[in-house]
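Here is final.pdb, consisting of PDB, C-alpha atoms:
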```
MODEL        1
ATOM      1  CA  MET G   1     -72.577  56.695-100.960  1.00  0.00           C
ATOM      2  CA  ASN G   2     -73.251  59.907 -99.063  1.00  0.00           C
ATOM      3  CA  PRO G   3     -70.614  61.450 -96.741  1.00  0.00           C
ATOM      4  CA  GLU G   4     -72.273  60.153 -93.572  1.00  0.00           C
ATOM      5  CA  GLN G   5     -72.345  56.573 -94.890  1.00  0.00           C
ATOM      6  CA  ARG G   6     -68.702  56.891 -95.901  1.00  0.00           C
ATOM      7  CA  LEU G   7     -67.807  58.128 -92.409  1.00  0.00           C
ATOM      8  CA  TRP G   8     -69.505  55.110 -90.824  1.00  0.00           C
ATOM      9  CA  GLU G   9     -67.623  52.867 -93.247  1.00  0.00           C
ATOM     10  CA  TYR G  10     -64.332  54.276 -91.942  1.00  0.00           C
ATOM     11  CA  TYR G  11     -65.481  53.994 -88.320  1.00  0.00           C
ATOM     12  CA  ALA G  12     -66.086  50.295 -88.991  1.00  0.00           C
ATOM     13  CA  LYS G  13     -62.583  49.908 -90.441  1.00  0.00           C
ATOM     14  CA  LEU G  14     -61.132  51.598 -87.347  1.00  0.00           C
ATOM     15  CA  ALA G  15     -63.173  49.515 -84.881  1.00  0.00           C
ATOM     16  CA  PRO G  16     -61.361  47.509 -82.193  1.00  0.00           C
ATOM     17  CA  GLY G  17     -60.170  44.162 -83.507  1.00  0.00           C
ATOM     18  CA  THR G  18     -59.760  45.245 -87.133  1.00  0.00           C
ATOM     19  CA  PRO G  19     -56.281  44.991 -88.679  1.00  0.00           C
ATOM     20  CA  LEU G  20     -56.057  48.775 -89.114  1.00  0.00           C
ATOM     21  CA  ARG G  21     -56.968  49.403 -85.484  1.00  0.00           C
ATOM     22  CA  GLN G  22     -54.497  46.742 -84.332  1.00  0.00           C
ATOM     23  CA  GLY G  23     -51.744  48.517 -86.254  1.00  0.00           C
ATOM     24  CA  LEU G  24     -52.690  51.908 -84.815  1.00  0.00           C
ATOM     25  CA  GLU G  25     -52.783  50.487 -81.284  1.00  0.00           C
ATOM     26  CA  ARG G  26     -49.306  48.999 -81.812  1.00  0.00           C
ATOM     27  CA  ILE G  27     -48.089  52.485 -82.734  1.00  0.00           C
ATOM     28  CA  LEU G  28     -49.684  53.900 -79.568  1.00  0.00           C
ATOM     29  CA  ALA G  29     -48.144  51.162 -77.431  1.00  0.00           C
ATOM     30  CA  GLY G  30     -44.739  51.921 -78.932  1.00  0.00           C
ATOM     31  CA  ARG G  31     -45.151  55.573 -77.933  1.00  0.00           C
ATOM     32  CA  THR G  32     -44.544  56.851 -81.433  1.00  0.00           C
ATOM     33  CA  GLY G  33     -46.774  58.924 -83.642  1.00  0.00           C
ATOM     34  CA  ALA G  34     -48.042  58.416 -87.161  1.00  0.00           C
ATOM     35  CA  LEU G  35     -49.930  59.952 -90.034  1.00  0.00           C
ATOM     36  CA  VAL G  36     -51.775  57.365 -92.134  1.00  0.00           C
ATOM     37  CA  VAL G  37     -53.642  58.305 -95.313  1.00  0.00           C
ATOM     38  CA  LEU G  38     -56.619  55.959 -95.779  1.00  0.00           C
ATOM     39  CA  GLY G  39     -56.613  55.798 -99.551  1.00  0.00           C
ATOM     40  CA  THR G  40     -55.312  57.636-102.543  1.00  0.00           C
ATOM     41  CA  ASN G  41     -56.354  59.764-105.485  1.00  0.00           C
ATOM     42  CA  LYS G  42     -54.646  62.285-107.770  1.00  0.00           C
ATOM     43  CA  ILE G  43     -54.624  64.966-105.073  1.00  0.00           C
ATOM     44  CA  VAL G  44     -53.021  62.647-102.499  1.00  0.00           C
ATOM     45  CA  GLN G  45     -50.431  61.558-105.053  1.00  0.00           C
ATOM     46  CA  ALA G  46     -49.599  65.180-105.911  1.00  0.00           C
ATOM     47  CA  SER G  47     -49.375  66.105-102.212  1.00  0.00           C
ATOM     48  CA  CYS G  48     -46.938  63.330-101.251  1.00  0.00           C
ATOM     49  CA  THR G  49     -43.255  63.792-101.990  1.00  0.00           C
ATOM     50  CA  GLY G  50     -40.214  61.732-101.146  1.00  0.00           C
ATOM     51  CA  GLY G  51     -40.554  58.603 -99.110  1.00  0.00           C
ATOM     52  CA  PHE G  52     -40.473  55.077-100.415  1.00  0.00           C
ATOM     53  CA  PRO G  53     -42.975  53.342-102.700  1.00  0.00           C
ATOM     54  CA  ILE G  54     -43.303  49.887-101.148  1.00  0.00           C
ATOM     55  CA  ASN G  55     -46.606  48.403-102.361  1.00  0.00           C
ATOM     56  CA  ILE G  56     -46.806  45.568 -99.835  1.00  0.00           C
ATOM     57  CA  GLU G  57     -49.709  43.780 -98.179  1.00  0.00           C
ATOM     58  CA  PHE G  58     -51.041  45.584 -95.111  1.00  0.00           C
ATOM     59  CA  LYS G  59     -50.274  43.948 -91.790  1.00  0.00           C
ATOM     60  CA  PRO G  60     -50.573  45.618 -88.363  1.00  0.00           C
ATOM     61  CA  THR G  61     -46.935  44.838 -87.556  1.00  0.00           C
ATOM     62  CA  ARG G  62     -45.765  46.428 -90.802  1.00  0.00           C
ATOM     63  CA  LEU G  63     -47.742  49.582 -90.062  1.00  0.00           C
ATOM     64  CA  ARG G  64     -46.060  49.809 -86.663  1.00  0.00           C
ATOM     65  CA  GLU G  65     -42.565  49.319 -88.079  1.00  0.00           C
ATOM     66  CA  LEU G  66     -43.071  51.854 -90.865  1.00  0.00           C
ATOM     67  CA  ALA G  67     -44.421  54.413 -88.387  1.00  0.00           C
ATOM     68  CA  LYS G  68     -40.947  54.538 -86.824  1.00  0.00           C
ATOM     69  CA  MET G  69     -39.793  56.434 -89.921  1.00  0.00           C
ATOM     70  CA  ASP G  70     -40.384  60.147 -90.331  1.00  0.00           C
ATOM     71  CA  GLY G  71     -43.191  60.995 -92.723  1.00  0.00           C
ATOM     72  CA  GLY G  72     -46.604  59.667 -93.548  1.00  0.00           C
ATOM     73  CA  ILE G  73     -47.867  56.280 -94.649  1.00  0.00           C
ATOM     74  CA  VAL G  74     -50.245  55.929 -97.604  1.00  0.00           C
ATOM     75  CA  LEU G  75     -52.623  52.973 -97.939  1.00  0.00           C
ATOM     76  CA  ASN G  76     -54.618  51.977-101.007  1.00  0.00           C
ATOM     77  CA  ASN G  77     -58.369  52.625-101.113  1.00  0.00           C
ATOM     78  CA  GLU G  78     -59.196  49.111 -99.892  1.00  0.00           C
ATOM     79  CA  LEU G  79     -56.761  49.537 -96.955  1.00  0.00           C
ATOM     80  CA  ASP G  80     -55.167  46.181 -97.714  1.00  0.00           C
ATOM     81  CA  THR G  81     -51.920  47.466 -99.244  1.00  0.00           C
ATOM     82  CA  ILE G  82     -49.307  49.888 -97.941  1.00  0.00           C
ATOM     83  CA  LEU G  83     -48.407  51.956-100.991  1.00  0.00           C
ATOM     84  CA  ALA G  84     -45.725  54.241 -99.561  1.00  0.00           C
ATOM     85  CA  ALA G  85     -44.017  55.192 -96.324  1.00  0.00           C
ATOM     86  CA  GLY G  86     -41.860  58.047 -95.136  1.00  0.00           C
ATOM     87  CA  VAL G  87     -43.654  60.500 -97.411  1.00  0.00           C
ATOM     88  CA  HIS G  88     -43.634  64.245 -96.855  1.00  0.00           C
ATOM     89  CA  ILE G  89     -47.114  65.732 -97.197  1.00  0.00           C
ATOM     90  CA  VAL G  90     -47.333  69.122 -98.866  1.00  0.00           C
ATOM     91  CA  SER G  91     -50.977  70.011 -99.402  1.00  0.00           C
ATOM     92  CA  ASP G  92     -52.694  73.297-100.120  1.00  0.00           C
ATOM     93  CA  PRO G  93     -52.418  75.644 -97.139  1.00  0.00           C
ATOM     94  CA  VAL G  94     -56.132  75.613 -96.342  1.00  0.00           C
ATOM     95  CA  PRO G  95     -57.133  76.972 -92.937  1.00  0.00           C
ATOM     96  CA  SER G  96     -56.752  74.546 -90.046  1.00  0.00           C
ATOM     97  CA  ALA G  97     -57.334  74.948 -86.331  1.00  0.00           C
ATOM     98  CA  GLU G  98     -54.790  72.204 -85.631  1.00  0.00           C
ATOM     99  CA  THR G  99     -51.499  73.297 -84.102  1.00  0.00           C
ATOM    100  CA  GLY G 100     -49.203  70.273 -84.377  1.00  0.00           C
ATOM    101  CA  THR G 101     -47.441  69.600 -87.672  1.00  0.00           C
ATOM    102  CA  ARG G 102     -48.771  66.045 -88.040  1.00  0.00           C
ATOM    103  CA  HIS G 103     -52.358  66.984 -87.196  1.00  0.00           C
ATOM    104  CA  ARG G 104     -52.315  70.126 -89.356  1.00  0.00           C
ATOM    105  CA  SER G 105     -51.002  68.140 -92.337  1.00  0.00           C
ATOM    106  CA  ALA G 106     -53.657  65.456 -91.800  1.00  0.00           C
ATOM    107  CA  ASP G 107     -56.449  68.024 -91.528  1.00  0.00           C
ATOM    108  CA  GLN G 108     -55.341  69.920 -94.634  1.00  0.00           C
ATOM    109  CA  LEU G 109     -54.843  66.795 -96.756  1.00  0.00           C
ATOM    110  CA  ALA G 110     -58.248  65.391 -95.763  1.00  0.00           C
ATOM    111  CA  LYS G 111     -59.895  68.711 -96.649  1.00  0.00           C
ATOM    112  CA  VAL G 112     -58.317  69.095-100.086  1.00  0.00           C
ATOM    113  CA  SER G 113     -58.326  65.432-101.158  1.00  0.00           C
ATOM    114  CA  GLY G 114     -61.540  64.082 -99.663  1.00  0.00           C
ATOM    115  CA  ILE G 115     -59.526  61.082 -98.420  1.00  0.00           C
ATOM    116  CA  PRO G 116     -59.642  60.417 -94.657  1.00  0.00           C
ATOM    117  CA  VAL G 117     -56.385  60.655 -92.721  1.00  0.00           C
ATOM    118  CA  VAL G 118     -55.620  59.140 -89.311  1.00  0.00           C
ATOM    119  CA  THR G 119     -53.092  60.516 -86.866  1.00  0.00           C
ATOM    120  CA  VAL G 120     -51.612  58.847 -83.831  1.00  0.00           C
ATOM    121  CA  SER G 121     -50.380  61.310 -81.232  1.00  0.00           C
ATOM    122  CA  ALA G 122     -47.445  60.082 -79.189  1.00  0.00           C
ATOM    123  CA  SER G 123     -47.737  62.890 -76.637  1.00  0.00           C
ATOM    124  CA  MET G 124     -51.514  62.645 -76.133  1.00  0.00           C
ATOM    125  CA  SER G 125     -51.867  58.864 -76.703  1.00  0.00           C
ATOM    126  CA  THR G 126     -54.811  59.442 -79.031  1.00  0.00           C
ATOM    127  CA  ILE G 127     -55.952  58.271 -82.446  1.00  0.00           C
ATOM    128  CA  SER G 128     -57.774  60.911 -84.533  1.00  0.00           C
ATOM    129  CA  LEU G 129     -59.667  60.596 -87.809  1.00  0.00           C
ATOM    130  CA  PHE G 130     -59.735  63.626 -90.119  1.00  0.00           C
ATOM    131  CA  THR G 131     -62.449  63.661 -92.776  1.00  0.00           C
ATOM    132  CA  GLY G 132     -62.622  66.799 -94.865  1.00  0.00           C
ATOM    133  CA  GLY G 133     -63.024  69.324 -92.080  1.00  0.00           C
ATOM    134  CA  ASP G 134     -64.163  67.058 -89.248  1.00  0.00           C
ATOM    135  CA  ARG G 135     -62.040  65.468 -86.561  1.00  0.00           C
TER     136      ARG G 135
ENDMDL
END
```
As structure tokens:
Amino acid sequence: MNPEQRLWEYYAKLAPGTPLRQGLERILAGRTGALVVLGTNKIVQASCTGGFPINIEFKPTRLRELAKMDGGIVLNNELDTILAAGVHIVSDPVPSAETGTRHRSADQLAKVSGIPVVTVSASMSTISLFTGGDR
């Protein structure tokens, strides 16, 4: 699958009415923020420290509740399991034009890992998808 096809695959998973989108909208409605890693690989695993390995089935309500904690949330590659929550993301300090901590971490992790990362901004009421250099 080429990068453009993969991007469209993630757009489909973030479309209104999907479980992932429902969870993200619950976070927005609760006026909290979030950083959600949409999959995992060795780089993601090496970049995530602390937090709690939970390995539970994904549900929109669970995503919302876990977003109340500090730190990021990591999903499996199929996006049907929440692998960890409350993780601190320490990725390579690659250049990023993002200024907020959450968005900068998401941008950097997506660039170095090739795994898309979603942020929910509490202050701007926006959902952003970071995919290896694109937002």
Please evaluate the PyMOL selection byres ((chain G and resi 26-38) around 9) against the structure above and give the resulting residues as a PDB file with C-alpha atoms, in the coordinates of the input.
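This is the output file expr.pdb:
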```pdb
ATOM      1  CA  TYR G  10     -64.332  54.276 -91.942  1.00  0.00           C
ATOM      2  CA  ARG G  21     -56.968  49.403 -85.484  1.00  0.00           C
ATOM      3  CA  GLN G  22     -54.497  46.742 -84.332  1.00  0.00           C
ATOM      4  CA  GLY G  23     -51.744  48.517 -86.254  1.00  0.00           C
ATOM      5  CA  LEU G  24     -52.690  51.908 -84.815  1.00  0.00           C
ATOM      6  CA  GLU G  25     -52.783  50.487 -81.284  1.00  0.00           C
ATOM      7  CA  GLY G  39     -56.613  55.798 -99.551  1.00  0.00           C
ATOM      8  CA  THR G  40     -55.312  57.636-102.543  1.00  0.00           C
ATOM      9  CA  VAL G  44     -53.021  62.647-102.499  1.00  0.00           C
ATOM     10  CA  PRO G  60     -50.573  45.618 -88.363  1.00  0.00           C
ATOM     11  CA  THR G  61     -46.935  44.838 -87.556  1.00  0.00           C
ATOM     12  CA  LEU G  63     -47.742  49.582 -90.062  1.00  0.00           C
ATOM     13  CA  ARG G  64     -46.060  49.809 -86.663  1.00  0.00           C
ATOM     14  CA  GLU G  65     -42.565  49.319 -88.079  1.00  0.00           C
ATOM     15  CA  ALA G  67     -44.421  54.413 -88.387  1.00  0.00           C
ATOM     16  CA  LYS G  68     -40.947  54.538 -86.824  1.00  0.00           C
ATOM     17  CA  MET G  69     -39.793  56.434 -89.921  1.00  0.00           C
ATOM     18  CA  ASP G  70     -40.384  60.147 -90.331  1.00  0.00           C
ATOM     19  CA  GLY G  71     -43.191  60.995 -92.723  1.00  0.00           C
ATOM     20  CA  GLY G  72     -46.604  59.667 -93.548  1.00  0.00           C
ATOM     21  CA  ILE G  73     -47.867  56.280 -94.649  1.00  0.00           C
ATOM     22  CA  VAL G  74     -50.245  55.929 -97.604  1.00  0.00           C
ATOM     23  CA  LEU G  75     -52.623  52.973 -97.939  1.00  0.00           C
ATOM     24  CA  ASN G  76     -54.618  51.977-101.007  1.00  0.00           C
ATOM     25  CA  ASN G  77     -58.369  52.625-101.113  1.00  0.00           C
ATOM     26  CA  GLU G  78     -59.196  49.111 -99.892  1.00  0.00           C
ATOM     27  CA  LEU G  79     -56.761  49.537 -96.955  1.00  0.00           C
ATOM     28  CA  ARG G 102     -48.771  66.045 -88.040  1.00  0.00           C
ATOM     29  CA  HIS G 103     -52.358  66.984 -87.196  1.00  0.00           C
ATOM     30  CA  SER G 105     -51.002  68.140 -92.337  1.00  0.00           C
ATOM     31  CA  ALA G 106     -53.657  65.456 -91.800  1.00  0.00           C
ATOM     32  CA  LEU G 109     -54.843  66.795 -96.756  1.00  0.00           C
ATOM     33  CA  ALA G 110     -58.248  65.391 -95.763  1.00  0.00           C
ATOM     34  CA  ILE G 115     -59.526  61.082 -98.420  1.00  0.00           C
ATOM     35  CA  PRO G 116     -59.642  60.417 -94.657  1.00  0.00           C
ATOM     36  CA  VAL G 117     -56.385  60.655 -92.721  1.00  0.00           C
ATOM     37  CA  VAL G 118     -55.620  59.140 -89.311  1.00  0.00           C
ATOM     38  CA  THR G 119     -53.092  60.516 -86.866  1.00  0.00           C
ATOM     39  CA  VAL G 120     -51.612  58.847 -83.831  1.00  0.00           C
ATOM     40  CA  SER G 121     -50.380  61.310 -81.232  1.00  0.00           C
ATOM     41  CA  ALA G 122     -47.445  60.082 -79.189  1.00  0.00           C
ATOM     42  CA  SER G 123     -47.737  62.890 -76.637  1.00  0.00           C
ATOM     43  CA  SER G 125     -51.867  58.864 -76.703  1.00  0.00           C
ATOM     44  CA  THR G 126     -54.811  59.442 -79.031  1.00  0.00           C
ATOM     45  CA  ILE G 127     -55.952  58.271 -82.446  1.00  0.00           C
TER      46      ILE G 127
END
```
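Shortest atom-to-atom contact with G:Gln108 among G:Phe58, G:Thr49, G:Ala84, G:Ile43: G:Ile43, counting all atoms listed in the file.
The space between atom CA of G:Gly132 and atom CA of G:Leu83 spans 21.4 Å.
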Given only C-alpha atoms as the counted atoms, nearest of G:Asp134, G:Asp80, G:Met124, G:Arg6 to G:Ser96: G:Asp134
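Separating atom CA of G:Phe52 from atom CA of G:Tyr11 is a distance of 27.8 Å.
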Separation of atom CA of G:Cys48 from atom CA of G:His88 in Å: 5.6 Å
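Counting all atoms listed in the file and comparing G:Leu66, G:Leu129, G:Ala12, G:Val112, the residue that lies closest to G:Gly51 is G:Leu66.
Of the listed residues G:Asp92, G:Pro16, G:Glu9, G:Ala85, the one whose atoms come nearest to G:Ser113 is G:Asp92, with distances taken using only C-alpha atoms.
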Around all of stretch 68-82 of chain G's listed atoms, make the axis-aligned box with 3 Å on each side and tell me centre and edge lengths in Å to one decimal, as lines of an AutoDock Vina configuration file.
```
center_x = -49.5
center_y = 53.6
center_z = -94.0
size_x = 25.4
size_y = 20.8
size_z = 20.3
```
Close residues, G:Pro95 itself excluded, 10 Å, all atoms listed in the file, min 5 positions apart in chain, as a PyMOL selection string: chain G and resi 104+107-108+111+133
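Closest approach to G:Pro19 among G:Gly86, G:Thr81, G:Phe130, G:Arg135 is made by G:Thr81 (distances from all atoms listed in the file).
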